[in-house]
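Participant: Have a look at this one before I ask anything.
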Amino acid sequence: MKTFALLTCLAAGAVLLLAESDFPDWGDPSSPASTHLSPHYITQTYAETHVPNLVTAVLADYRGYDTMFETAVIFCAGLAILLVLRRGGASNTSAHARPPREHSADLIIATGCRLLIPFMQVFALYVVAHGHYSPGGGFQGGVILGASLILLAMAFDIKTVLSKVRLKTVSALGGIGVLIYAGIGLIPLLLGGNFLDYSYLSAILPATDPIMARSHAMLGIEIGVAFTVTAVMLSIYLDLASKGNIDEGL
Amino acid sequence: MIWAFELTLLVFLVVCALAALQVKDLIGSSIILGAFSFMLCLLWLGMGAVDVAFTEAAVGAGVSTVFFIATILHINRRSQD
Amino acid sequence: MVEVVEKFSFGIYLVLLLIGLWAMIGKRNLVKKVIGMTIFQAAIILFFVSIGAKDEATIPILRNYYGPDATPINPADYANPLVHVLMLTAIVVGVSTLGVALSLIQKVHGKYGTVEENEILEKST
């Protein structure tokens, strides 16, 4: 099997290598990818949305439809893992059954977590909120927030994390994030504009013109995305670490 | 883009990929995959893609490695090839 | 041939892609196949992001863009942001796919007791 794989890969590699000679030079500012559409985005984004981070502006406003379905895909992945693993019953007993441990955590680990986790969470909220002016945004902040909760689950055990964030809350937050995104997109439809066209939101937001309405709606959307990503990362970890029955962790 | 820096990182990347596939202990394999993810993050910083590097750093070290280890601790830790 | 040597970065991305592809086909352990899938995705994203890189360009966050001393924005000074957006989506969807693949591996191990492909094929026929 390995020789067959090697021959297949070498054949594919030869074909791709032939195609490679037609590529533009590495880092060329006049390559076709950088001359047709992207100059419009680079020059006009601040005038239309007042957001200097070009990646966040394109992600949340110009390509907002894409991002909404990406958030839905993350939610569906969390749902799929839940459906595959959480069945309950005798089929979930592990072949390497370990004796139950005592739940007194090590002093070093407990102190380290107590010092780290608040700073991680504040930093995650800063990354979400400051995504318009610095690298960051909803996804990055959501992943860091989920990682802080996973740290709590790994250092102590799953019961500790579930006593602080109930399982129903985690499951509900995943759906609420997608609902926030779709809801903010639906309101312009009710006000007479297109779906996900945020400039119409200036009619209901007090004292904003259509340009700043786009900036504020982008912040609302990033918050929805952060909710979904946090909930799904924690939910995937809970399902993988306990093989479905959410009792004893790693 | 300093080409010597990029060449070193690319060579490390290929070495990490080959090592992650050859090592027989699966947990060692997933740790080497974490190092692979870090090299990717540095390469993207060299190309000016800061958002992509931020996401890869958070996802590769914080979440992907943890998912691998959480799975491997429930199956046989030693692979046969 | 000379063009291929000048664009050695693309050649190394190609090598990484083939390593991932070889691992997905040739390895017997299911976890190694998933690691191969991760390497393959990383190579694709690396290739895409390198298309958006420009010589002497800075990160795609605007500077000196408003106020009395605002300079006009020159597109050749900033890296191409459209490519970064597509790859952000790709990375996060990749980690979700990784989670689903690992949960399926746990289910397979629960049913057959092993994650080696040849042993699973023997036990299932």
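Residue numbers start at 1 in each chain; chains themselves are named A, B, ... in the order of the structure tokens; ligands are numbered from 1 in the order shown.
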Do you know which residues are at most 8 Å from stretch 95-105 of chain C counting only C-alpha atoms, after dropping those on the same chain fewer than 3 positions away, and could you put them as a PyMOL selection string?
Facilitator: (chain A and resi 74+77-78+80-81+84-85+236+240) or (chain B and resi 59+64+67-68+71) or (chain C and resi 30-31+34+38+91-92+108-109+115)
Participant: May I have a table of the residues of chain B lying at most 12 Å from chain A, giving each one's closest pair of atoms and their distance in Å to one decimal, counting only C-alpha atoms, ordered by chain and ascending residue number, as a Markdown table?
Facilitator:
| residue | atom | partner | partner_atom | distance |
| --- | --- | --- | --- | --- |
| B:Met1 | CA | A:Gly27 | CA | 9.0 |
| B:Trp3 | CA | A:Trp26 | CA | 11.4 |
| B:Leu45 | CA | A:Pro135 | CA | 11.7 |
| B:Gly46 | CA | A:Gly27 | CA | 11.7 |
| B:Met47 | CA | A:Gly27 | CA | 8.8 |
| B:Gly48 | CA | A:Gly27 | CA | 11.0 |
| B:Ala49 | CA | A:Pro135 | CA | 9.5 |
| B:Val50 | CA | A:Pro135 | CA | 6.3 |
| B:Asp51 | CA | A:Pro135 | CA | 5.3 |
| B:Val52 | CA | A:Pro135 | CA | 9.1 |
| B:Ala53 | CA | A:Pro135 | CA | 9.5 |
| B:Phe54 | CA | A:Gln140 | CA | 6.9 |
| B:Thr55 | CA | A:Gln140 | CA | 5.5 |
| B:Glu56 | CA | A:Gln140 | CA | 9.0 |
| B:Ala57 | CA | A:Gln140 | CA | 9.3 |
| B:Ala58 | CA | A:Ile144 | CA | 6.4 |
| B:Val59 | CA | A:Val143 | CA | 6.8 |
| B:Gly60 | CA | A:Val143 | CA | 10.4 |
| B:Ala61 | CA | A:Ala147 | CA | 9.7 |
| B:Gly62 | CA | A:Ala147 | CA | 5.9 |
| B:Val63 | CA | A:Ala147 | CA | 6.6 |
| B:Ser64 | CA | A:Met233 | CA | 10.0 |
| B:Thr65 | CA | A:Tyr237 | CA | 11.1 |
| B:Val66 | CA | A:Tyr237 | CA | 8.0 |
| B:Phe67 | CA | A:Tyr237 | CA | 6.5 |
| B:Phe68 | CA | A:Leu240 | CA | 9.1 |
| B:Ile69 | CA | A:Ala241 | CA | 8.8 |
| B:Ala70 | CA | A:Ala241 | CA | 5.0 |
| B:Thr71 | CA | A:Leu240 | CA | 6.1 |
| B:Ile72 | CA | A:Ala241 | CA | 9.5 |
| B:Leu73 | CA | A:Leu250 | CA | 7.8 |
| B:His74 | CA | A:Ser94 | CA | 7.2 |
| B:Ile75 | CA | A:His96 | CA | 8.4 |
| B:Asn76 | CA | A:His96 | CA | 9.2 |
| B:Arg77 | CA | A:His96 | CA | 11.3 |
| B:Asp81 | CA | A:Lys2 | CA | 10.9 |
Participant: Give me, as a PyMOL selection string, all polymer residues having an atom no more than 12 Å from B:Met39, counting only C-alpha atoms and skipping those fewer than 6 positions away in the same chain.
Facilitator: (chain B and resi 5-17+32-33+45-46+53+56-57+60-61) or (chain C and resi 42+46)
Participant: Write the selection just made, keeping N, CA and C atoms, as a PDB file, in the first residue's frame?
Facilitator:
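Below is the file result-v9.pdb, written as the result:
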ATOM      1  N   PHE B   5      15.444  33.431   6.783  1.00  0.00           N
ATOM      2  CA  PHE B   5      14.528  33.078   7.861  1.00  0.00           C
ATOM      3  C   PHE B   5      13.431  32.172   7.338  1.00  0.00           C
ATOM      4  N   GLU B   6      12.843  32.561   6.186  1.00  0.00           N
ATOM      5  CA  GLU B   6      11.750  31.776   5.641  1.00  0.00           C
ATOM      6  C   GLU B   6      12.226  30.393   5.229  1.00  0.00           C
ATOM      7  N   LEU B   7      13.424  30.300   4.666  1.00  0.00           N
ATOM      8  CA  LEU B   7      13.915  28.985   4.242  1.00  0.00           C
ATOM      9  C   LEU B   7      14.117  28.074   5.447  1.00  0.00           C
ATOM     10  N   THR B   8      14.673  28.635   6.551  1.00  0.00           N
ATOM     11  CA  THR B   8      14.865  27.818   7.758  1.00  0.00           C
ATOM     12  C   THR B   8      13.529  27.315   8.281  1.00  0.00           C
ATOM     13  N   LEU B   9      12.534  28.221   8.335  1.00  0.00           N
ATOM     14  CA  LEU B   9      11.231  27.809   8.844  1.00  0.00           C
ATOM     15  C   LEU B   9      10.600  26.758   7.961  1.00  0.00           C
ATOM     16  N   LEU B  10      10.754  26.889   6.629  1.00  0.00           N
ATOM     17  CA  LEU B  10      10.136  25.909   5.738  1.00  0.00           C
ATOM     18  C   LEU B  10      10.795  24.545   5.904  1.00  0.00           C
ATOM     19  N   VAL B  11      12.122  24.540   6.087  1.00  0.00           N
ATOM     20  CA  VAL B  11      12.807  23.253   6.276  1.00  0.00           C
ATOM     21  C   VAL B  11      12.352  22.613   7.588  1.00  0.00           C
ATOM     22  N   PHE B  12      12.236  23.429   8.658  1.00  0.00           N
ATOM     23  CA  PHE B  12      11.730  22.891   9.934  1.00  0.00           C
ATOM     24  C   PHE B  12      10.335  22.335   9.769  1.00  0.00           C
ATOM     25  N   LEU B  13       9.524  23.023   8.951  1.00  0.00           N
ATOM     26  CA  LEU B  13       8.141  22.589   8.748  1.00  0.00           C
ATOM     27  C   LEU B  13       8.101  21.196   8.144  1.00  0.00           C
ATOM     28  N   VAL B  14       8.918  20.984   7.090  1.00  0.00           N
ATOM     29  CA  VAL B  14       8.912  19.669   6.434  1.00  0.00           C
ATOM     30  C   VAL B  14       9.431  18.603   7.388  1.00  0.00           C
ATOM     31  N   VAL B  15      10.460  18.954   8.187  1.00  0.00           N
ATOM     32  CA  VAL B  15      11.015  17.979   9.146  1.00  0.00           C
ATOM     33  C   VAL B  15       9.971  17.628  10.206  1.00  0.00           C
ATOM     34  N   CYS B  16       9.223  18.644  10.692  1.00  0.00           N
ATOM     35  CA  CYS B  16       8.189  18.366  11.697  1.00  0.00           C
ATOM     36  C   CYS B  16       7.103  17.478  11.125  1.00  0.00           C
ATOM     37  N   ALA B  17       6.703  17.725   9.866  1.00  0.00           N
ATOM     38  CA  ALA B  17       5.646  16.920   9.260  1.00  0.00           C
ATOM     39  C   ALA B  17       6.099  15.467   9.142  1.00  0.00           C
ATOM     40  N   ILE B  32       4.382  16.983  18.331  1.00  0.00           N
ATOM     41  CA  ILE B  32       5.146  17.482  17.176  1.00  0.00           C
ATOM     42  C   ILE B  32       4.207  18.242  16.239  1.00  0.00           C
ATOM     43  N   LEU B  33       2.950  17.823  16.163  1.00  0.00           N
ATOM     44  CA  LEU B  33       1.992  18.572  15.348  1.00  0.00           C
ATOM     45  C   LEU B  33       1.772  19.953  15.934  1.00  0.00           C
ATOM     46  N   LEU B  45       3.302  35.156   9.862  1.00  0.00           N
ATOM     47  CA  LEU B  45       3.714  36.473  10.326  1.00  0.00           C
ATOM     48  C   LEU B  45       4.722  37.088   9.379  1.00  0.00           C
ATOM     49  N   GLY B  46       5.611  36.267   8.823  1.00  0.00           N
ATOM     50  CA  GLY B  46       6.583  36.793   7.873  1.00  0.00           C
ATOM     51  C   GLY B  46       5.928  37.291   6.601  1.00  0.00           C
ATOM     52  N   ALA B  53      -2.338  34.238  11.406  1.00  0.00           N
ATOM     53  CA  ALA B  53      -1.358  33.723  12.363  1.00  0.00           C
ATOM     54  C   ALA B  53      -1.944  33.663  13.762  1.00  0.00           C
ATOM     55  N   GLU B  56      -4.288  30.684  13.900  1.00  0.00           N
ATOM     56  CA  GLU B  56      -3.571  29.414  13.901  1.00  0.00           C
ATOM     57  C   GLU B  56      -2.884  29.188  15.241  1.00  0.00           C
ATOM     58  N   ALA B  57      -2.356  30.276  15.851  1.00  0.00           N
ATOM     59  CA  ALA B  57      -1.713  30.103  17.158  1.00  0.00           C
ATOM     60  C   ALA B  57      -2.742  29.669  18.200  1.00  0.00           C
ATOM     61  N   GLY B  60      -4.155  26.028  16.935  1.00  0.00           N
ATOM     62  CA  GLY B  60      -3.204  24.920  16.875  1.00  0.00           C
ATOM     63  C   GLY B  60      -2.692  24.514  18.233  1.00  0.00           C
ATOM     64  N   ALA B  61      -2.322  25.486  19.045  1.00  0.00           N
ATOM     65  CA  ALA B  61      -1.765  25.138  20.349  1.00  0.00           C
ATOM     66  C   ALA B  61      -2.850  24.974  21.394  1.00  0.00           C
TER      67      ALA B  61
ATOM     68  N   ALA C  42      -2.984  22.305   6.071  1.00  0.00           N
ATOM     69  CA  ALA C  42      -2.021  23.359   6.372  1.00  0.00           C
ATOM     70  C   ALA C  42      -1.266  23.775   5.110  1.00  0.00           C
ATOM     71  N   LEU C  46      -1.322  27.503   3.481  1.00  0.00           N
ATOM     72  CA  LEU C  46      -0.037  28.182   3.294  1.00  0.00           C
ATOM     73  C   LEU C  46       0.096  28.685   1.868  1.00  0.00           C
TER      74      LEU C  46
END
Participant: For chain C, list the residues within 6 Å of chain B, counting only C-alpha atoms, and write the list as a PyMOL selection string.
Facilitator: chain C and resi 53+59+88
Participant: Can you tell me, as a count of residues only, what residues are no more than 10 Å from stretch 201-210 of chain A when counting only C-alpha atoms, ignoring any on the same chain fewer than 5 positions away?
Facilitator: 13
Participant: Tell me, which residues of stretch 41-74 of chain C carry DSSP helix (DSSP H, G or I), written as a list in words?
Facilitator: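 Residues of stretch 41-74 of chain C classed as helix (DSSP H, G or I): Gln41, Ala42, Ala43, Ile44, Ile45, Leu46, Phe47, Phe48, Val49, Ser50 and Ile51 of chain C.
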Participant: Each residue of chain C with at least one atom at most 7 Å from chain A should appear once, together with its nearest atom pair and the corresponding distance in Å (one decimal); atoms considered: only C-alpha atoms; ordering: chain, then increasing residue number; output as JSON lines.
Facilitator:
{"residue": "C:Glu3", "atom": "CA", "partner": "A:Ser21", "partner_atom": "CA", "distance": 5.9}
{"residue": "C:Val4", "atom": "CA", "partner": "A:Ser21", "partner_atom": "CA", "distance": 5.8}
{"residue": "C:Lys7", "atom": "CA", "partner": "A:Trp26", "partner_atom": "CA", "distance": 6.5}
{"residue": "C:Leu18", "atom": "CA", "partner": "A:Cys9", "partner_atom": "CA", "distance": 5.8}
{"residue": "C:Leu21", "atom": "CA", "partner": "A:Cys9", "partner_atom": "CA", "distance": 6.9}
{"residue": "C:Trp22", "atom": "CA", "partner": "A:Ala5", "partner_atom": "CA", "distance": 5.6}
{"residue": "C:Ile25", "atom": "CA", "partner": "A:Ala5", "partner_atom": "CA", "distance": 5.8}
{"residue": "C:Gly26", "atom": "CA", "partner": "A:Lys2", "partner_atom": "CA", "distance": 4.7}
{"residue": "C:Ala53", "atom": "CA", "partner": "A:Gly27", "partner_atom": "CA", "distance": 5.1}
{"residue": "C:Lys54", "atom": "CA", "partner": "A:Gly27", "partner_atom": "CA", "distance": 4.1}
{"residue": "C:Asp55", "atom": "CA", "partner": "A:Gly27", "partner_atom": "CA", "distance": 5.0}
{"residue": "C:Pro60", "atom": "CA", "partner": "A:Leu54", "partner_atom": "CA", "distance": 5.8}
{"residue": "C:Ile61", "atom": "CA", "partner": "A:Asn53", "partner_atom": "CA", "distance": 4.5}
{"residue": "C:Leu62", "atom": "CA", "partner": "A:Pro52", "partner_atom": "CA", "distance": 5.1}
{"residue": "C:Ile73", "atom": "CA", "partner": "A:Thr43", "partner_atom": "CA", "distance": 5.8}
{"residue": "C:Pro75", "atom": "CA", "partner": "A:Pro39", "partner_atom": "CA", "distance": 5.3}
{"residue": "C:Ala76", "atom": "CA", "partner": "A:Pro29", "partner_atom": "CA", "distance": 6.2}
{"residue": "C:Asn80", "atom": "CA", "partner": "A:Ser38", "partner_atom": "CA", "distance": 6.3}
{"residue": "C:Pro81", "atom": "CA", "partner": "A:Val55", "partner_atom": "CA", "distance": 5.5}
{"residue": "C:Leu82", "atom": "CA", "partner": "A:Ser38", "partner_atom": "CA", "distance": 6.8}
{"residue": "C:His84", "atom": "CA", "partner": "A:Val55", "partner_atom": "CA", "distance": 6.8}
{"residue": "C:Val85", "atom": "CA", "partner": "A:Leu59", "partner_atom": "CA", "distance": 5.8}
{"residue": "C:Thr89", "atom": "CA", "partner": "A:Glu70", "partner_atom": "CA", "distance": 6.7}
{"residue": "C:Val93", "atom": "CA", "partner": "A:Ile74", "partner_atom": "CA", "distance": 6.6}
{"residue": "C:Ser96", "atom": "CA", "partner": "A:Ala77", "partner_atom": "CA", "distance": 5.8}
{"residue": "C:Gly99", "atom": "CA", "partner": "A:Ile236", "partner_atom": "CA", "distance": 6.8}
{"residue": "C:Val100", "atom": "CA", "partner": "A:Ile81", "partner_atom": "CA", "distance": 5.8}
{"residue": "C:Ser103", "atom": "CA", "partner": "A:Ile81", "partner_atom": "CA", "distance": 6.3}
Participant: Neighbouring residues of C:Gln41 were defined as those with any atom within 9 Å, considering only C-alpha atoms; residues of the same chain fewer than 2 positions away were excluded. Please report them as a PyMOL selection string.
Facilitator: chain C and resi 17+20+36-39+43-46+90-91+94
Participant: Take the selection from the previous step and output its residues with C-alpha atoms, as a short mmCIF file (atom, residue, chain, number, x, y, z; two decimals), in the first residue's frame.
Facilitator:
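Now in result-v4.cif:
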data_model
loop_
_atom_site.label_atom_id
_atom_site.label_comp_id
_atom_site.auth_asym_id
_atom_site.auth_seq_id
_atom_site.Cartn_x
_atom_site.Cartn_y
_atom_site.Cartn_z
CA LEU C 17 1.00 18.72 0.23
CA GLY C 20 -0.03 14.91 3.66
CA GLY C 36 -2.00 13.58 7.35
CA MET C 37 -5.28 15.39 6.70
CA THR C 38 -4.17 18.21 9.02
CA ILE C 39 -0.83 18.55 7.22
CA ALA C 43 -0.19 23.15 3.04
CA ILE C 44 -3.23 24.39 1.12
CA ILE C 45 -3.75 27.34 3.46
CA LEU C 46 -0.04 28.18 3.29
CA ALA C 90 -10.79 27.50 6.30
CA ILE C 91 -8.79 27.18 9.52
CA GLY C 94 -10.71 22.60 9.63
#
Participant: In Å, with one decimal, what is the gap from atom CA of C:Phe8 to atom CA of C:Tyr78?
Facilitator: 23.6 Å
